[in-house]
>>> print(open('data07.pdb').read())   # PDB, C-alpha atoms
ATOM      1  CA  MET A   1      -0.521 -21.772 -11.883
ATOM      2  CA  THR A   2      -2.730 -20.242  -9.205
ATOM      3  CA  VAL A   3      -6.494 -20.533  -9.574
ATOM      4  CA  VAL A   4      -8.545 -18.294  -7.306
ATOM      5  CA  LEU A   5     -12.260 -18.262  -6.657
ATOM      6  CA  GLY A   6     -13.426 -14.734  -5.879
ATOM      7  CA  VAL A   7     -16.789 -14.186  -4.229
ATOM      8  CA  ASP A   8     -18.895 -11.091  -3.693
ATOM      9  CA  PRO A   9     -21.118 -12.447  -0.934
ATOM     10  CA  GLY A  10     -24.811 -11.787  -0.497
ATOM     11  CA  LEU A  11     -28.028 -13.612   0.252
ATOM     12  CA  LYS A  12     -30.076 -12.661  -2.804
ATOM     13  CA  ARG A  13     -27.131 -12.458  -5.200
ATOM     14  CA  VAL A  14     -23.683 -14.014  -4.882
ATOM     15  CA  GLY A  15     -21.221 -12.948  -7.572
ATOM     16  CA  TYR A  16     -18.368 -15.329  -8.289
ATOM     17  CA  SER A  17     -15.346 -15.479 -10.558
ATOM     18  CA  VAL A  18     -12.550 -17.925 -11.260
ATOM     19  CA  LEU A  19      -9.262 -16.293 -12.274
ATOM     20  CA  GLU A  20      -6.000 -17.999 -13.051
ATOM     21  CA  GLN A  21      -2.548 -16.564 -12.790
ATOM     22  CA  THR A  22       0.097 -18.006 -15.100
ATOM     23  CA  ASN A  23       3.471 -16.767 -16.343
ATOM     24  CA  SER A  24       1.649 -14.799 -19.011
ATOM     25  CA  GLY A  25      -0.554 -12.951 -16.547
ATOM     26  CA  ILE A  26      -3.987 -13.114 -14.973
ATOM     27  CA  GLY A  27      -6.876 -14.502 -17.019
ATOM     28  CA  LEU A  28     -10.599 -15.037 -16.506
ATOM     29  CA  ARG A  29     -11.760 -18.659 -16.493
ATOM     30  CA  CYS A  30     -15.407 -17.964 -15.695
ATOM     31  CA  ALA A  31     -17.688 -15.638 -13.779
ATOM     32  CA  GLY A  32     -21.326 -15.740 -12.878
ATOM     33  CA  LEU A  33     -24.104 -15.147 -10.426
ATOM     34  CA  ILE A  34     -25.791 -17.379  -7.867
ATOM     35  CA  ALA A  35     -29.264 -15.943  -7.343
ATOM     36  CA  THR A  36     -31.558 -17.212  -4.602
ATOM     37  CA  ASP A  37     -35.318 -17.000  -4.523
ATOM     38  CA  PRO A  38     -36.448 -14.495  -1.859
ATOM     39  CA  THR A  39     -39.796 -16.298  -1.570
ATOM     40  CA  VAL A  40     -38.320 -19.575  -0.296
ATOM     41  CA  PRO A  41     -37.249 -20.144   3.330
ATOM     42  CA  LEU A  42     -33.819 -18.904   4.384
ATOM     43  CA  GLY A  43     -32.435 -22.382   5.021
ATOM     44  CA  GLU A  44     -33.184 -23.424   1.443
ATOM     45  CA  ARG A  45     -31.523 -20.282   0.113
ATOM     46  CA  LEU A  46     -28.413 -21.043   2.164
ATOM     47  CA  ALA A  47     -28.495 -24.611   0.843
ATOM     48  CA  ASP A  48     -28.708 -23.266  -2.736
ATOM     49  CA  ILE A  49     -25.676 -21.048  -2.174
ATOM     50  CA  PHE A  50     -23.724 -23.865  -0.530
ATOM     51  CA  GLY A  51     -24.585 -26.295  -3.339
ATOM     52  CA  SER A  52     -23.667 -23.826  -6.087
ATOM     53  CA  VAL A  53     -20.317 -22.907  -4.530
ATOM     54  CA  ASP A  54     -19.603 -26.602  -4.009
ATOM     55  CA  ASP A  55     -20.332 -27.225  -7.717
ATOM     56  CA  ILE A  56     -18.061 -24.372  -8.819
ATOM     57  CA  ILE A  57     -15.188 -25.656  -6.658
ATOM     58  CA  ARG A  58     -15.645 -29.196  -8.015
ATOM     59  CA  GLU A  59     -15.582 -27.928 -11.598
ATOM     60  CA  TYR A  60     -12.768 -25.365 -11.455
ATOM     61  CA  ARG A  61     -10.623 -26.703  -8.592
ATOM     62  CA  PRO A  62      -9.433 -23.330  -7.262
ATOM     63  CA  SER A  63      -6.439 -23.364  -4.927
ATOM     64  CA  GLN A  64      -7.518 -20.173  -3.178
ATOM     65  CA  LEU A  65     -10.797 -18.653  -2.046
ATOM     66  CA  VAL A  66     -11.288 -14.955  -1.354
ATOM     67  CA  LEU A  67     -14.413 -13.094  -0.268
ATOM     68  CA  GLU A  68     -15.077  -9.419   0.080
ATOM     69  CA  ARG A  69     -15.288  -8.511   3.755
ATOM     70  CA  ILE A  70     -18.772  -7.579   4.925
ATOM     71  CA  LEU A  71     -19.440  -3.996   5.825
ATOM     72  CA  PHE A  72     -22.338  -3.382   8.156
ATOM     73  CA  ALA A  73     -22.331   0.367   8.012
ATOM     74  CA  LYS A  74     -25.554   0.476   6.024
ATOM     75  CA  ASN A  75     -27.868  -2.087   7.528
ATOM     76  CA  VAL A  76     -27.045  -4.373  10.418
ATOM     77  CA  THR A  77     -29.958  -6.774   9.875
ATOM     78  CA  SER A  78     -28.938  -7.213   6.277
ATOM     79  CA  ALA A  79     -25.283  -7.673   7.309
ATOM     80  CA  LEU A  80     -26.279 -10.505   9.656
ATOM     81  CA  LEU A  81     -28.092 -12.255   6.780
ATOM     82  CA  VAL A  82     -25.139 -11.820   4.425
ATOM     83  CA  ALA A  83     -22.860 -13.180   7.169
ATOM     84  CA  GLN A  84     -24.970 -16.363   7.245
ATOM     85  CA  ALA A  85     -24.355 -16.734   3.508
ATOM     86  CA  VAL A  86     -20.644 -16.097   4.104
ATOM     87  CA  GLY A  87     -20.691 -18.934   6.636
ATOM     88  CA  VAL A  88     -21.966 -21.497   4.121
ATOM     89  CA  ILE A  89     -19.580 -20.221   1.399
ATOM     90  CA  LYS A  90     -16.610 -20.659   3.763
ATOM     91  CA  LEU A  91     -17.955 -24.079   4.728
ATOM     92  CA  ALA A  92     -18.064 -25.122   1.067
ATOM     93  CA  GLY A  93     -14.445 -24.016   0.750
ATOM     94  CA  ALA A  94     -13.330 -25.755   3.942
ATOM     95  CA  ARG A  95     -14.857 -29.043   2.806
ATOM     96  CA  HIS A  96     -12.533 -28.885  -0.206
ATOM     97  CA  GLY A  97      -9.518 -27.890   1.896
ATOM     98  CA  LEU A  98      -9.745 -24.197   0.955
ATOM     99  CA  GLU A  99      -9.384 -21.677   3.731
ATOM    100  CA  ALA A 100     -11.137 -18.442   2.822
ATOM    101  CA  SER A 101      -9.375 -15.111   3.036
ATOM    102  CA  GLU A 102     -11.164 -11.777   3.130
ATOM    103  CA  ILE A 103     -10.338  -8.530   1.425
ATOM    104  CA  GLY A 104     -11.824  -5.110   2.100
ATOM    105  CA  ALA A 105     -13.695  -3.193  -0.601
ATOM    106  CA  ASN A 106     -11.166  -0.366  -0.382
ATOM    107  CA  GLN A 107      -8.248  -2.756  -0.888
ATOM    108  CA  VAL A 108      -9.974  -4.081  -4.013
ATOM    109  CA  LYS A 109     -10.457  -0.582  -5.387
ATOM    110  CA  LEU A 110      -6.884   0.355  -4.569
ATOM    111  CA  ALA A 111      -5.456  -2.752  -6.227
ATOM    112  CA  LEU A 112      -7.325  -2.253  -9.512
ATOM    113  CA  SER A 113      -7.398   1.507  -9.886
ATOM    114  CA  GLY A 114      -4.811   2.937  -7.510
ATOM    115  CA  ASP A 115      -7.648   4.722  -5.702
ATOM    116  CA  GLY A 116      -9.254   3.197  -2.601
ATOM    117  CA  HIS A 117     -12.357   5.269  -3.256
ATOM    118  CA  ALA A 118     -12.770   4.593  -6.975
ATOM    119  CA  SER A 119     -16.319   4.845  -8.356
ATOM    120  CA  LYS A 120     -18.330   1.838  -9.508
ATOM    121  CA  ALA A 121     -18.013   3.004 -13.126
ATOM    122  CA  GLN A 122     -14.243   3.309 -12.794
ATOM    123  CA  MET A 123     -14.009  -0.202 -11.322
ATOM    124  CA  LYS A 124     -16.028  -1.658 -14.192
ATOM    125  CA  LYS A 125     -13.679   0.001 -16.686
ATOM    126  CA  MET A 126     -10.639  -1.439 -14.904
ATOM    127  CA  VAL A 127     -12.128  -4.970 -14.879
ATOM    128  CA  VAL A 128     -12.675  -4.720 -18.653
ATOM    129  CA  LEU A 129      -9.184  -3.331 -19.225
ATOM    130  CA  LEU A 130      -7.212  -5.649 -16.935
ATOM    131  CA  LEU A 131      -8.912  -8.867 -18.040
ATOM    132  CA  GLY A 132      -9.123  -7.927 -21.727
ATOM    133  CA  LEU A 133     -12.916  -8.202 -21.856
ATOM    134  CA  HIS A 134     -15.242  -6.642 -24.423
ATOM    135  CA  ARG A 135     -17.519  -5.237 -21.739
ATOM    136  CA  ALA A 136     -18.073  -5.493 -17.997
ATOM    137  CA  PRO A 137     -20.089  -8.529 -16.932
ATOM    138  CA  GLU A 138     -23.521  -7.791 -15.525
ATOM    139  CA  PRO A 139     -24.919  -7.553 -12.922
ATOM    140  CA  ALA A 140     -22.365  -5.587 -10.907
ATOM    141  CA  ASP A 141     -21.967  -8.479  -8.436
ATOM    142  CA  VAL A 142     -20.188 -10.483 -11.175
ATOM    143  CA  SER A 143     -17.862  -7.652 -12.124
ATOM    144  CA  ASP A 144     -17.185  -7.096  -8.402
ATOM    145  CA  ALA A 145     -16.307 -10.770  -7.926
ATOM    146  CA  ILE A 146     -13.761 -10.512 -10.743
ATOM    147  CA  ALA A 147     -12.251  -7.418  -9.136
ATOM    148  CA  ILE A 148     -12.054  -9.221  -5.762
ATOM    149  CA  ALA A 149     -10.174 -12.212  -7.219
ATOM    150  CA  TYR A 150      -7.915  -9.929  -9.274
ATOM    151  CA  ALA A 151      -7.008  -7.819  -6.244
ATOM    152  CA  HIS A 152      -6.258 -10.958  -4.258
ATOM    153  CA  LEU A 153      -3.897 -12.226  -6.963
ATOM    154  CA  SER A 154      -2.179  -8.924  -7.595
ATOM    155  CA  GLY A 155      -1.829  -7.635  -4.062
ATOM    156  CA  ASP A 156       0.733  -8.305  -1.375
ATOM    157  CA  TRP A 157      -2.058  -9.912   0.671
ATOM    158  CA  SER A 158      -2.233 -12.803  -1.834
ATOM    159  CA  ARG A 159       1.184 -13.933  -0.641
ATOM    160  CA  SER A 160       0.438 -13.695   3.067
TER     161      SER A 160
ATOM    162  CA  MET B   1     -44.767 -36.268  19.616
ATOM    163  CA  THR B   2     -42.792 -33.143  18.755
ATOM    164  CA  VAL B   3     -39.001 -33.286  18.957
ATOM    165  CA  VAL B   4     -37.244 -29.945  18.877
ATOM    166  CA  LEU B   5     -33.547 -29.167  18.550
ATOM    167  CA  GLY B   6     -32.730 -25.953  20.400
ATOM    168  CA  VAL B   7     -29.468 -24.160  19.674
ATOM    169  CA  ASP B   8     -27.659 -21.340  21.450
ATOM    170  CA  PRO B   9     -25.408 -20.281  18.580
ATOM    171  CA  GLY B  10     -21.800 -19.191  18.822
ATOM    172  CA  LEU B  11     -18.473 -19.748  17.133
ATOM    173  CA  LYS B  12     -16.416 -20.941  20.107
ATOM    174  CA  ARG B  13     -19.286 -22.655  21.904
ATOM    175  CA  VAL B  14     -22.608 -23.877  20.503
ATOM    176  CA  GLY B  15     -25.057 -25.126  23.121
ATOM    177  CA  TYR B  16     -27.673 -27.609  21.943
ATOM    178  CA  SER B  17     -30.598 -29.510  23.408
ATOM    179  CA  VAL B  18     -33.150 -31.996  22.178
ATOM    180  CA  LEU B  19     -36.528 -31.769  23.918
ATOM    181  CA  GLU B  20     -39.601 -33.833  23.240
ATOM    182  CA  GLN B  21     -43.170 -32.897  23.875
ATOM    183  CA  THR B  22     -45.600 -35.750  24.510
ATOM    184  CA  ASN B  23     -49.009 -35.984  26.148
ATOM    185  CA  SER B  24     -47.266 -36.182  29.502
ATOM    186  CA  GLY B  25     -45.341 -32.962  28.983
ATOM    187  CA  ILE B  26     -41.965 -31.724  27.858
ATOM    188  CA  GLY B  27     -38.891 -33.867  28.543
ATOM    189  CA  LEU B  28     -35.152 -33.605  27.914
ATOM    190  CA  ARG B  29     -33.681 -36.153  25.514
ATOM    191  CA  CYS B  30     -30.142 -34.798  25.511
ATOM    192  CA  ALA B  31     -28.141 -31.599  25.747
ATOM    193  CA  GLY B  32     -24.520 -30.757  25.149
ATOM    194  CA  LEU B  33     -21.895 -28.426  23.838
ATOM    195  CA  ILE B  34     -20.115 -28.186  20.491
ATOM    196  CA  ALA B  35     -16.785 -26.498  21.203
ATOM    197  CA  THR B  36     -14.478 -25.373  18.407
ATOM    198  CA  ASP B  37     -10.749 -24.828  18.611
ATOM    199  CA  PRO B  38      -9.929 -21.095  18.381
ATOM    200  CA  THR B  39      -6.451 -21.948  17.057
ATOM    201  CA  VAL B  40      -7.698 -23.607  13.850
ATOM    202  CA  PRO B  41      -8.822 -21.649  10.767
ATOM    203  CA  LEU B  42     -12.377 -20.322  10.717
ATOM    204  CA  GLY B  43     -13.491 -22.549   7.837
ATOM    205  CA  GLU B  44     -12.540 -25.670   9.798
ATOM    206  CA  ARG B  45     -14.421 -24.412  12.841
ATOM    207  CA  LEU B  46     -17.517 -23.841  10.704
ATOM    208  CA  ALA B  47     -17.078 -27.340   9.272
ATOM    209  CA  ASP B  48     -16.865 -28.766  12.826
ATOM    210  CA  ILE B  49     -20.101 -27.012  13.808
ATOM    211  CA  PHE B  50     -21.858 -28.140  10.625
ATOM    212  CA  GLY B  51     -20.693 -31.736  11.078
ATOM    213  CA  SER B  52     -21.740 -31.872  14.734
ATOM    214  CA  VAL B  53     -25.206 -30.436  14.100
ATOM    215  CA  ASP B  54     -25.611 -32.835  11.191
ATOM    216  CA  ASP B  55     -24.703 -35.752  13.525
ATOM    217  CA  ILE B  56     -27.182 -34.595  16.186
ATOM    218  CA  ILE B  57     -29.996 -34.321  13.632
ATOM    219  CA  ARG B  58     -29.201 -37.799  12.259
ATOM    220  CA  GLU B  59     -29.253 -39.291  15.749
ATOM    221  CA  TYR B  60     -32.278 -37.563  17.292
ATOM    222  CA  ARG B  61     -34.389 -36.791  14.199
ATOM    223  CA  PRO B  62     -35.909 -33.525  15.463
ATOM    224  CA  SER B  63     -38.964 -32.234  13.617
ATOM    225  CA  GLN B  64     -38.222 -28.617  14.529
ATOM    226  CA  LEU B  65     -35.114 -26.458  14.843
ATOM    227  CA  VAL B  66     -34.978 -23.246  16.837
ATOM    228  CA  LEU B  67     -32.056 -20.878  17.415
ATOM    229  CA  GLU B  68     -31.726 -17.891  19.669
ATOM    230  CA  ARG B  69     -31.707 -14.725  17.594
ATOM    231  CA  ILE B  70     -28.340 -12.951  17.475
ATOM    232  CA  LEU B  71     -28.010  -9.656  19.265
ATOM    233  CA  PHE B  72     -25.264  -7.394  18.078
ATOM    234  CA  ALA B  73     -25.575  -4.753  20.745
ATOM    235  CA  LYS B  74     -22.297  -5.741  22.368
ATOM    236  CA  ASN B  75     -19.818  -6.414  19.601
ATOM    237  CA  VAL B  76     -20.555  -6.209  15.888
ATOM    238  CA  THR B  77     -17.429  -8.068  14.750
ATOM    239  CA  SER B  78     -18.297 -10.925  17.065
ATOM    240  CA  ALA B  79     -21.932 -10.866  15.871
ATOM    241  CA  LEU B  80     -20.776 -11.260  12.262
ATOM    242  CA  LEU B  81     -18.730 -14.322  13.249
ATOM    243  CA  VAL B  82     -21.631 -15.853  15.183
ATOM    244  CA  ALA B  83     -23.881 -15.189  12.157
ATOM    245  CA  GLN B  84     -21.521 -17.279  10.024
ATOM    246  CA  ALA B  85     -21.961 -20.134  12.514
ATOM    247  CA  VAL B  86     -25.743 -19.586  12.375
ATOM    248  CA  GLY B  87     -25.533 -19.945   8.593
ATOM    249  CA  VAL B  88     -23.969 -23.408   8.755
ATOM    250  CA  ILE B  89     -26.356 -24.518  11.538
ATOM    251  CA  LYS B  90     -29.360 -23.497   9.401
ATOM    252  CA  LEU B  91     -27.761 -25.228   6.417
ATOM    253  CA  ALA B  92     -27.433 -28.466   8.414
ATOM    254  CA  GLY B  93     -31.135 -28.171   9.268
ATOM    255  CA  ALA B  94     -32.189 -27.383   5.707
ATOM    256  CA  ARG B  95     -30.352 -30.411   4.373
ATOM    257  CA  HIS B  96     -32.583 -32.540   6.616
ATOM    258  CA  GLY B  97     -35.726 -30.646   5.647
ATOM    259  CA  LEU B  98     -35.783 -28.569   8.844
ATOM    260  CA  GLU B  99     -36.457 -24.877   8.477
ATOM    261  CA  ALA B 100     -34.964 -22.976  11.413
ATOM    262  CA  SER B 101     -36.992 -20.551  13.436
ATOM    263  CA  GLU B 102     -35.508 -17.907  15.690
ATOM    264  CA  ILE B 103     -36.555 -16.741  19.111
ATOM    265  CA  GLY B 104     -35.396 -13.657  20.973
ATOM    266  CA  ALA B 105     -33.617 -13.909  24.327
ATOM    267  CA  ASN B 106     -36.374 -11.910  25.987
ATOM    268  CA  GLN B 107     -39.040 -14.261  24.638
ATOM    269  CA  VAL B 108     -37.123 -17.198  26.111
ATOM    270  CA  LYS B 109     -36.906 -15.508  29.505
ATOM    271  CA  LEU B 110     -40.570 -14.586  29.404
ATOM    272  CA  ALA B 111     -41.655 -18.103  28.470
ATOM    273  CA  LEU B 112     -39.751 -19.808  31.283
ATOM    274  CA  SER B 113     -39.988 -17.299  34.124
ATOM    275  CA  GLY B 114     -42.758 -14.878  33.250
ATOM    276  CA  ASP B 115     -40.161 -12.099  33.206
ATOM    277  CA  GLY B 116     -38.512 -10.977  29.963
ATOM    278  CA  HIS B 117     -35.583  -9.631  31.947
ATOM    279  CA  ALA B 118     -34.995 -12.603  34.259
ATOM    280  CA  SER B 119     -31.434 -13.064  35.543
ATOM    281  CA  LYS B 120     -29.146 -15.864  34.420
ATOM    282  CA  ALA B 121     -29.444 -17.478  37.863
ATOM    283  CA  GLN B 122     -33.240 -17.357  37.694
ATOM    284  CA  MET B 123     -33.216 -18.949  34.230
ATOM    285  CA  LYS B 124     -30.978 -21.776  35.434
ATOM    286  CA  LYS B 125     -33.377 -22.464  38.301
ATOM    287  CA  MET B 126     -36.338 -22.564  35.915
ATOM    288  CA  VAL B 127     -34.555 -25.004  33.572
ATOM    289  CA  VAL B 128     -33.915 -27.330  36.539
ATOM    290  CA  LEU B 129     -37.485 -27.010  37.781
ATOM    291  CA  LEU B 130     -39.324 -27.328  34.454
ATOM    292  CA  LEU B 131     -37.313 -30.277  33.145
ATOM    293  CA  GLY B 132     -37.066 -32.064  36.515
ATOM    294  CA  LEU B 133     -33.266 -32.033  36.570
ATOM    295  CA  HIS B 134     -30.989 -32.416  39.587
ATOM    296  CA  ARG B 135     -28.940 -29.371  38.635
ATOM    297  CA  ALA B 136     -28.479 -26.993  35.715
ATOM    298  CA  PRO B 137     -26.224 -28.324  32.968
ATOM    299  CA  GLU B 138     -22.912 -26.530  32.535
ATOM    300  CA  PRO B 139     -21.642 -24.478  30.821
ATOM    301  CA  ALA B 140     -24.428 -21.897  30.587
ATOM    302  CA  ASP B 141     -24.667 -22.383  26.794
ATOM    303  CA  VAL B 142     -26.167 -25.847  27.401
ATOM    304  CA  SER B 143     -28.698 -24.611  29.928
ATOM    305  CA  ASP B 144     -29.540 -21.756  27.553
ATOM    306  CA  ALA B 145     -30.120 -24.201  24.682
ATOM    307  CA  ILE B 146     -32.595 -26.130  26.849
ATOM    308  CA  ALA B 147     -34.418 -22.905  27.701
ATOM    309  CA  ILE B 148     -34.570 -21.965  23.990
ATOM    310  CA  ALA B 149     -36.129 -25.290  22.977
ATOM    311  CA  TYR B 150     -38.517 -25.206  25.962
ATOM    312  CA  ALA B 151     -39.684 -21.686  25.125
ATOM    313  CA  HIS B 152     -40.236 -22.725  21.511
ATOM    314  CA  LEU B 153     -42.381 -25.683  22.563
ATOM    315  CA  SER B 154     -44.360 -23.828  25.202
ATOM    316  CA  GLY B 155     -44.935 -20.542  23.430
ATOM    317  CA  ASP B 156     -47.547 -19.466  20.944
ATOM    318  CA  TRP B 157     -44.729 -19.013  18.408
ATOM    319  CA  SER B 158     -44.202 -22.789  18.315
ATOM    320  CA  ARG B 159     -47.542 -23.145  16.571
ATOM    321  CA  SER B 160     -46.963 -20.381  14.043
TER     322      SER B 160
END
>>> encode(input="data07.pdb", output="structure tokens")
Amino acid sequence: MTVVLGVDPGLKRVGYSVLEQTNSGIGLRCAGLIATDPTVPLGERLADIFGSVDDIIREYRPSQLVLERILFAKNVTSALLVAQAVGVIKLAGARHGLEASEIGANQVKLALSGDGHASKAQMKKMVVLLLGLHRAPEPADVSDAIAIAYAHLSGDWSRS
Amino acid sequence: MTVVLGVDPGLKRVGYSVLEQTNSGIGLRCAGLIATDPTVPLGERLADIFGSVDDIIREYRPSQLVLERILFAKNVTSALLVAQAVGVIKLAGARHGLEASEIGANQVKLALSGDGHASKAQMKKMVVLLLGLHRAPEPADVSDAIAIAYAHLSGDWSRS
């Protein structure tokens, strides 16, 4: 059995999911959101993210960790803040012997829908369909984290 | 007495310095380099940086932490990697109750030499002169970390 922790990184909101792959397919163990308080200092927010990811790893014991690769096309200042969060998430993994891999947003879309430019609505539908859920988890960061872990498990890149 | 930990962040090389400000002026307690092995996985390198900064804080008990602000004018991919290192450095600070502040390279140059565009050679000379050293520490990351902490202590921004 492979258990993968998928993370949609951010500073204000970190989506996460734990998926397991068994002989009968890929199933959802849990998914949720780590939200940090924008009014507290950055260091404390990073410590909150680190502590939460550490807790999740202790509870679910994933054997793999995958994060969506940061794009900085939109806002470079924001990308540098998200990268700081990525640093503490990877650190949490490394302290449990997990080396993080990264997957691009387009790879995730391609793996779930066959279309590297699938819409957000289409991706939500595929998450619901592929994991046998009643509806897509909210907010979108959680659904995205599920898609990231699913793509990692289903793609060729999960075996590299 | 104010004890400040100054950090010149990077992934391959992190320069650090511990400066103390007393009634008799600003003095150097220690300075050095955290070097990570480019052949080991990124998560381990981040863990090495986190562990080293944690050790330095435990030993020297700084009351302030200052990092040079990342510029991403040269190479965005590299900036995103350095930002991940910055994340774990700030986390190490936060776990000891230290909130990191950031200072721009031009502010550092201005504070030590009166010229926001001073050359590297000029900055090295000023570090030697202001701290009463025999010669500038090598590599440049170490000398830079001293300049960063000195600028933080001497500037108006250190009181903000």
>>> resolve_selection(input="data07.pdb", expression="the PyMOL selection byres ((chain A and resi 97-104) around 8)", output="PyMOL selection string")
(chain A and resi 63-70+90+93-96+105-108+148+152) or (chain B and resi 41-44)
>>> write_last_selection(input="data07.pdb", atoms="C-alpha atoms", output="PDB file, in the frame of the given file")
ATOM      1  CA  SER A  63      -6.439 -23.364  -4.927  1.00  0.00           C
ATOM      2  CA  GLN A  64      -7.518 -20.173  -3.178  1.00  0.00           C
ATOM      3  CA  LEU A  65     -10.797 -18.653  -2.046  1.00  0.00           C
ATOM      4  CA  VAL A  66     -11.288 -14.955  -1.354  1.00  0.00           C
ATOM      5  CA  LEU A  67     -14.413 -13.094  -0.268  1.00  0.00           C
ATOM      6  CA  GLU A  68     -15.077  -9.419   0.080  1.00  0.00           C
ATOM      7  CA  ARG A  69     -15.288  -8.511   3.755  1.00  0.00           C
ATOM      8  CA  ILE A  70     -18.772  -7.579   4.925  1.00  0.00           C
ATOM      9  CA  LYS A  90     -16.610 -20.659   3.763  1.00  0.00           C
ATOM     10  CA  GLY A  93     -14.445 -24.016   0.750  1.00  0.00           C
ATOM     11  CA  ALA A  94     -13.330 -25.755   3.942  1.00  0.00           C
ATOM     12  CA  ARG A  95     -14.857 -29.043   2.806  1.00  0.00           C
ATOM     13  CA  HIS A  96     -12.533 -28.885  -0.206  1.00  0.00           C
ATOM     14  CA  ALA A 105     -13.695  -3.193  -0.601  1.00  0.00           C
ATOM     15  CA  ASN A 106     -11.166  -0.366  -0.382  1.00  0.00           C
ATOM     16  CA  GLN A 107      -8.248  -2.756  -0.888  1.00  0.00           C
ATOM     17  CA  VAL A 108      -9.974  -4.081  -4.013  1.00  0.00           C
ATOM     18  CA  ILE A 148     -12.054  -9.221  -5.762  1.00  0.00           C
ATOM     19  CA  HIS A 152      -6.258 -10.958  -4.258  1.00  0.00           C
TER      20      HIS A 152
ATOM     21  CA  PRO B  41      -8.822 -21.649  10.767  1.00  0.00           C
ATOM     22  CA  LEU B  42     -12.377 -20.322  10.717  1.00  0.00           C
ATOM     23  CA  GLY B  43     -13.491 -22.549   7.837  1.00  0.00           C
ATOM     24  CA  GLU B  44     -12.540 -25.670   9.798  1.00  0.00           C
TER      25      GLU B  44
END
>>> residues_around(input="data07.pdb", residues="segment 127-139 of chain A", least_positions_apart="5", cutoff="7 Å", atoms="all atoms listed in the file", output="VMD selection string")
chain A and resid 27 to 28 147
>>> closest_residue(input="data07.pdb", among="B:Thr39, B:Thr2, B:Asp8, B:Arg45", to="Thr22 of chain B", atoms="all atoms listed in the file")
B:Thr2
>>> atom_distance(input="data07.pdb", atom1="atom CA of Arg61 of chain B", atom2="atom CA of Ala47 of chain B")
20.3 Å
>>> closest_residue(input="data07.pdb", among="A:Gln84, A:Asn75, A:Ser154, A:Gln122", to="chain B", atoms="all atoms listed in the file")
A:Gln84
>>> closest_residue(input="data07.pdb", among="B:Val40, B:Ala35, B:Leu112, B:Val142", to="Gly6 of chain B", atoms="all atoms listed in the file")
B:Val142
>>> closest_residue(input="data07.pdb", among="B:Asn23, B:Thr36, B:Ser17, B:Thr77", to="chain A", atoms="only C-alpha atoms")
B:Thr77
>>> residues_around(input="data07.pdb", residues="Asp54 of chain B", least_positions_apart="3", cutoff="9 Å", atoms="all atoms listed in the file", output="list in words")
Ile49, Phe50, Gly51, Ile57, Arg58, Glu59, Ile89, Ala92, Gly93, Arg95 and His96 of chain B
>>> decode(input="data07.pdb", residues="segment 135-144 of chain B", atoms="N, CA, C and O atoms", output="mmCIF file, in the first residue's frame")
data_model
loop_
_atom_site.group_PDB
_atom_site.id
_atom_site.type_symbol
_atom_site.label_atom_id
_atom_site.label_comp_id
_atom_site.auth_asym_id
_atom_site.auth_seq_id
_atom_site.Cartn_x
_atom_site.Cartn_y
_atom_site.Cartn_z
ATOM 1 N N ARG B 135 41.328 41.061 9.025
ATOM 2 C CA ARG B 135 40.983 40.989 7.600
ATOM 3 C C ARG B 135 39.530 40.525 7.477
ATOM 4 O O ARG B 135 38.944 40.036 8.455
ATOM 5 N N ALA B 136 38.984 40.677 6.283
ATOM 6 C CA ALA B 136 37.573 40.322 6.077
ATOM 7 C C ALA B 136 37.418 38.804 6.086
ATOM 8 O O ALA B 136 38.214 38.096 5.469
ATOM 9 N N PRO B 137 36.433 38.306 6.809
ATOM 10 C CA PRO B 137 36.195 36.862 6.805
ATOM 11 C C PRO B 137 35.844 36.378 5.400
ATOM 12 O O PRO B 137 35.220 37.097 4.627
ATOM 13 N N GLU B 138 36.245 35.170 5.110
ATOM 14 C CA GLU B 138 35.912 34.535 3.825
ATOM 15 C C GLU B 138 35.057 33.311 4.093
ATOM 16 O O GLU B 138 35.183 32.705 5.156
ATOM 17 N N PRO B 139 34.192 32.866 3.167
ATOM 18 C CA PRO B 139 33.896 33.533 1.903
ATOM 19 C C PRO B 139 33.055 34.799 2.123
ATOM 20 O O PRO B 139 32.734 35.136 3.265
ATOM 21 N N ALA B 140 32.706 35.451 1.028
ATOM 22 C CA ALA B 140 32.009 36.736 1.091
ATOM 23 C C ALA B 140 30.686 36.639 1.853
ATOM 24 O O ALA B 140 30.264 37.616 2.485
ATOM 25 N N ASP B 141 30.048 35.458 1.832
ATOM 26 C CA ASP B 141 28.770 35.287 2.537
ATOM 27 C C ASP B 141 28.900 35.618 4.030
ATOM 28 O O ASP B 141 27.965 36.118 4.646
ATOM 29 N N VAL B 142 30.073 35.302 4.599
ATOM 30 C CA VAL B 142 30.297 35.542 6.032
ATOM 31 C C VAL B 142 30.460 37.037 6.294
ATOM 32 O O VAL B 142 29.846 37.601 7.211
ATOM 33 N N SER B 143 31.266 37.670 5.458
ATOM 34 C CA SER B 143 31.448 39.118 5.568
ATOM 35 C C SER B 143 30.110 39.838 5.354
ATOM 36 O O SER B 143 29.777 40.796 6.072
ATOM 37 N N ASP B 144 29.341 39.353 4.396
ATOM 38 C CA ASP B 144 28.022 39.939 4.125
ATOM 39 C C ASP B 144 27.100 39.798 5.344
ATOM 40 O O ASP B 144 26.353 40.726 5.677
#
